[in-house]
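Chemist: Take a look at the following structure, please.
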Amino acid sequence: MNILSIQSHVAYGHVGNASAVFPMQRLGCEVWPIHTVQFSNHTGYGAWKGRVFDGPAIEELVEGIAERGVLPRCDGVLSGYMGSADIGTAILAAVARVRAANPDALYCCDPVIGDVGRGVFVRPGIPEFMRDHAVPAADVVTPNQFELDFLAGRETRTLADAKAAIAAVQARGPRVVLVTSLHVDDTPEGCIDMLAGEGGRFWRLRTPMLSVSVNGAGDAIAALFFVHWARSGSAETALAEAGASVFGLLKRTQDAGSREILTVAAQDEFVNPTRRFPVEPA
């Protein structure tokens with residue numbers, strides 16, 4: 001597979017493309033990364049260096065790739081954090097261009113908007129752009145619970161709520177929705193759920209809640225799920241594989257006491273997860 005990945009990048013640590021590209025490569029994909037920002041480190045440190053690119057910069061890079069004549073061999077586009085609406089517009093233009101060259105190409109949008117406890121942390125206008133433009137263009141979207149609630153325009157306190165919210169998002173266009181972290185009324189203490197919906201069916205995977213707090217895990221989940229779904233054509237299979245790999249990655253990170261996820265040190269988790277979890281119909 002050849003994947004065009006358009007998202008942020010850091011030189012030190014693992015968020016955005018620095019978190020998503022290597023796992024896809026480890027799974028045997030050729031990845032063409034385009035960076036929407038280039039920072040020294042993720043902003044959670046409170047200080048960083050670097051710059052944000054604009055829409056024309058993204059379009060210029062896509063044009064250069066197109067000039068190599070390879071867009072017909074692009075199997076999918078993955079996008080994450082969008083620093084501005086014009087970057088979002090450039091990403092959707094890239095998706096349209098890839099699909100024109102290869103009608104079978106897929107688009108996975110990780111709709112980075114905010115998180116439970118933090119609220120919205122992107123610039124004004126980005127949440128609405130995600131909801132009204134990016135999500136309807138996608139085949140797969142990978143929101144967390146906060147983002148699911150925003151995109152669906154409803155609260156998810158129960159499993160039934162979450163399934164209804166997934167169906168509402170699917171009604172906007174995406175075939176598959178993966179909720180990357182979900183805690184509802186029947187989620188036991190000390191656990192966290194992932195929930196995937198496809199074709200009117202739903203599957204839940206439950207893992208222990210780890211005491212690690214790192215940036216970039218959502219970027220890795222989106223990338224892994226997208227590749228496994230594109231290959232298998234099954235959200236159930238993709239959920240099982242991605243969920244096991246990300247748990248292993250985070251468990252290794254927790255055990256090491258690292259502030260950055262151990263994307264390289266724990267790379268075997270991407271191809272041979274240490275621990276697997278049952279995927280149950282929901």
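Going by the structure tokens order, chains are called A, B, ..., each with residues numbered from 1, while ligands are numbered from 1 in the order shown.
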Can you pull out every residue within 7 Å of segment 126-141 of chain A, counting only C-alpha atoms, but drop anything in the same chain fewer than 6 positions away, and send it as a list of chain:residue names?
Modeler: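 What passes the distance filter is A:Ser84, A:Ala85, A:Leu92, A:Leu106, A:Tyr107, A:Cys108, A:Cys109, A:Asp110, A:Pro111, A:Ile113, A:Leu151, A:Arg172, A:Gly173, A:Pro174, A:Arg175, A:Val176, A:Val177, A:Leu178.
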Chemist: Between A:Ser79, A:Thr237, A:Thr36, A:Thr187, which is the closest to Ala20 of chain A once you count only C-alpha atoms?
Modeler: A:Ser79
Chemist: Can you pull out the residues contacting Ala196 of chain A? Cut-off 10 Å, using only C-alpha atoms, and skip same-chain residues under 3 positions away; I want them as a ChimeraX atom specification.
Modeler: /A:142,162-163,166,176-180,201-205,235-236,238-239,279,281-282
Chemist: Grab the residues selected above and save them as a compact mmCIF listing (two decimals), in the first residue's frame with C-alpha atoms.
Modeler:
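To be explicit, this is the file written out as out_20.txt:
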```
# COMPACT_ATOMS: atom_id res chain seq x y z
CA THR A 142 -11.51 8.15 14.16
CA ALA A 162 -22.65 6.01 21.37
CA LYS A 163 -24.13 3.76 18.69
CA ILE A 166 -21.88 6.80 15.30
CA VAL A 176 -16.66 3.49 9.19
CA VAL A 177 -16.38 5.26 12.54
CA LEU A 178 -13.87 4.24 15.20
CA VAL A 179 -14.31 5.83 18.62
CA THR A 180 -10.78 5.62 19.98
CA ARG A 201 -23.07 -3.24 12.95
CA PHE A 202 -20.99 -2.33 16.00
CA TRP A 203 -18.07 -3.91 17.83
CA ARG A 204 -16.52 -3.06 21.19
CA LEU A 205 -13.02 -3.78 22.47
CA ALA A 235 -13.85 -2.84 10.96
CA GLU A 236 -14.02 -5.78 13.39
CA ALA A 238 -9.08 -3.60 12.22
CA LEU A 239 -10.36 -2.91 15.74
CA VAL A 279 -13.87 -7.92 20.11
CA PRO A 281 -20.63 -7.31 19.00
CA ALA A 282 -22.21 -4.24 20.64
```
Chemist: Taking the DSSP secondary structure from the backbone, can you list the residues of segment 134-282 of chain A that are strand (DSSP E), as JSON, numbers by chain?
Modeler: {"A": [140, 141, 176, 177, 178, 179, 180, 181, 182, 191, 192, 193, 194, 195, 196, 197, 198, 201, 202, 203, 204, 205, 206, 207, 208, 279, 280, 281]}
Chemist: Within 10 Å of segment 21-26 of chain A, which residues of segment 235-281 of chain A come that close, and what is the closest atom pair and distance in Å for each? Count only C-alpha atoms and give it as a Markdown table.
Modeler:
```
| residue | atom | partner | partner_atom | distance |
| --- | --- | --- | --- | --- |
| A:Ser245 | CA | A:Pro23 | CA | 9.7 |
| A:Thr263 | CA | A:Pro23 | CA | 7.6 |
| A:Val264 | CA | A:Phe22 | CA | 8.0 |
| A:Gln267 | CA | A:Pro23 | CA | 7.3 |
| A:Asp268 | CA | A:Arg26 | CA | 8.5 |
| A:Glu269 | CA | A:Pro23 | CA | 9.3 |
| A:Phe270 | CA | A:Pro23 | CA | 6.3 |
| A:Val271 | CA | A:Arg26 | CA | 7.3 |
```
Chemist: Counting only C-alpha atoms, what is within 8 Å of Val246 of chain A, bar same-chain residues fewer than 3 positions away, as a list in words?
Modeler: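 Result of the neighbour search: Ala217, Ala220, Ile221, Ala242, Gly243, Leu249, Leu250, Glu269 and Phe270 of chain A.
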Chemist: Considering only C-alpha atoms, can you say which of A:Cys74, A:Ala47, A:Ala66, A:Cys191 comes closest to Val31 of chain A?
Modeler: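 Checking each of A:Cys74, A:Ala47, A:Ala66, A:Cys191 against Val31 of chain A, counting only C-alpha atoms, the winner is A:Cys74.
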Chemist: So what do you get for atom CA of Pro124 of chain A versus atom CA of Gly55 of chain A, distance-wise?
Modeler: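 Between atom CA of Pro124 of chain A and atom CA of Gly55 of chain A the gap works out to 16.7 Å.
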Chemist: Could you give me, as a ChimeraX atom specification, the residues within 10 Å of Arg99 of chain A, counting only C-alpha atoms and dropping anything in the same chain fewer than 6 positions from it?
Modeler: /A:71-72,74-77,93,105-107
Chemist: So which residues of segment 64-282 of chain A fall under alpha helix (DSSP H) by DSSP, listed as a CSV table (one decimal) with C-alpha atoms, in the first residue's frame?
Modeler:
```csv
chain,number,residue,atom,x,y,z
A,64,GLY,CA,5.3,17.8,-6.9
A,65,ILE,CA,4.2,14.3,-6.0
A,66,ALA,CA,1.7,14.3,-8.8
A,67,GLU,CA,4.4,15.3,-11.3
A,85,ALA,CA,-9.1,26.0,7.5
A,86,ASP,CA,-6.9,26.7,4.5
A,87,ILE,CA,-4.8,23.7,5.4
A,88,GLY,CA,-8.0,21.7,5.6
A,89,THR,CA,-9.1,22.9,2.2
A,90,ALA,CA,-5.7,21.9,0.8
A,91,ILE,CA,-6.0,18.4,2.3
A,92,LEU,CA,-9.5,17.9,0.8
A,93,ALA,CA,-8.2,19.1,-2.5
A,94,ALA,CA,-5.4,16.5,-2.2
A,95,VAL,CA,-8.0,13.8,-1.4
A,96,ALA,CA,-10.0,14.8,-4.5
A,97,ARG,CA,-6.9,14.8,-6.7
A,98,VAL,CA,-5.9,11.3,-5.4
A,99,ARG,CA,-9.4,9.9,-6.0
A,100,ALA,CA,-9.4,11.4,-9.5
A,101,ALA,CA,-6.2,9.4,-10.2
A,126,ILE,CA,-11.6,24.1,12.7
A,127,PRO,CA,-14.3,22.1,14.6
A,128,GLU,CA,-17.0,23.3,12.1
A,129,PHE,CA,-14.7,22.6,9.1
A,135,VAL,CA,-15.9,14.2,7.8
A,136,PRO,CA,-18.4,14.1,4.9
A,137,ALA,CA,-15.5,13.5,2.5
A,145,GLN,CA,-15.6,10.5,22.7
A,146,PHE,CA,-15.5,14.3,22.9
A,147,GLU,CA,-15.1,14.6,19.2
A,148,LEU,CA,-17.9,12.0,18.5
A,149,ASP,CA,-20.3,14.1,20.7
A,150,PHE,CA,-19.4,17.3,18.8
A,151,LEU,CA,-19.7,15.7,15.3
A,152,ALA,CA,-23.0,14.0,16.2
A,159,LEU,CA,-23.6,2.4,24.7
A,160,ALA,CA,-26.9,3.1,23.0
A,161,ASP,CA,-26.0,6.8,22.9
A,162,ALA,CA,-22.6,6.0,21.4
A,163,LYS,CA,-24.1,3.8,18.7
A,164,ALA,CA,-26.7,6.4,17.8
A,165,ALA,CA,-23.9,9.0,17.6
A,166,ILE,CA,-21.9,6.8,15.3
A,167,ALA,CA,-24.9,6.3,13.1
A,168,ALA,CA,-25.4,10.1,13.0
A,169,VAL,CA,-21.8,10.7,11.9
A,170,GLN,CA,-22.1,7.9,9.3
A,217,ALA,CA,-1.4,7.9,20.8
A,218,GLY,CA,-4.5,8.9,18.8
A,219,ASP,CA,-2.4,9.5,15.7
A,220,ALA,CA,-1.0,6.0,16.0
A,221,ILE,CA,-4.4,4.4,16.5
A,222,ALA,CA,-5.9,6.2,13.4
A,223,ALA,CA,-3.0,5.0,11.3
A,224,LEU,CA,-3.0,1.4,12.4
A,225,PHE,CA,-6.8,1.1,12.2
A,226,PHE,CA,-6.8,2.7,8.7
A,227,VAL,CA,-4.2,0.3,7.3
A,228,HIS,CA,-5.8,-2.8,8.9
A,229,TRP,CA,-9.3,-1.8,7.6
A,230,ALA,CA,-8.0,-1.0,4.1
A,231,ARG,CA,-6.4,-4.4,3.9
A,232,SER,CA,-9.1,-6.6,5.5
A,235,ALA,CA,-13.8,-2.8,11.0
A,236,GLU,CA,-14.0,-5.8,13.4
A,237,THR,CA,-10.6,-7.1,12.3
A,238,ALA,CA,-9.1,-3.6,12.2
A,239,LEU,CA,-10.4,-2.9,15.7
A,240,ALA,CA,-8.8,-6.1,17.1
A,241,GLU,CA,-5.4,-5.5,15.5
A,242,ALA,CA,-5.2,-1.7,16.2
A,243,GLY,CA,-6.5,-2.0,19.7
A,244,ALA,CA,-4.0,-4.7,20.7
A,245,SER,CA,-1.1,-2.9,19.1
A,246,VAL,CA,-1.9,0.5,20.8
A,247,PHE,CA,-2.4,-1.2,24.2
A,248,GLY,CA,1.0,-2.9,23.9
A,249,LEU,CA,2.6,0.4,22.8
A,250,LEU,CA,1.2,2.3,25.7
A,251,LYS,CA,1.9,-0.5,28.2
A,252,ARG,CA,5.6,-0.5,27.2
A,253,THR,CA,5.6,3.3,27.5
A,254,GLN,CA,4.0,3.2,31.0
A,255,ASP,CA,6.5,0.5,32.2
A,256,ALA,CA,9.4,2.6,31.0
A,268,ASP,CA,7.1,-5.2,17.5
A,269,GLU,CA,3.7,-4.4,19.0
A,270,PHE,CA,2.6,-3.2,15.6
A,271,VAL,CA,3.2,-6.5,13.9
```
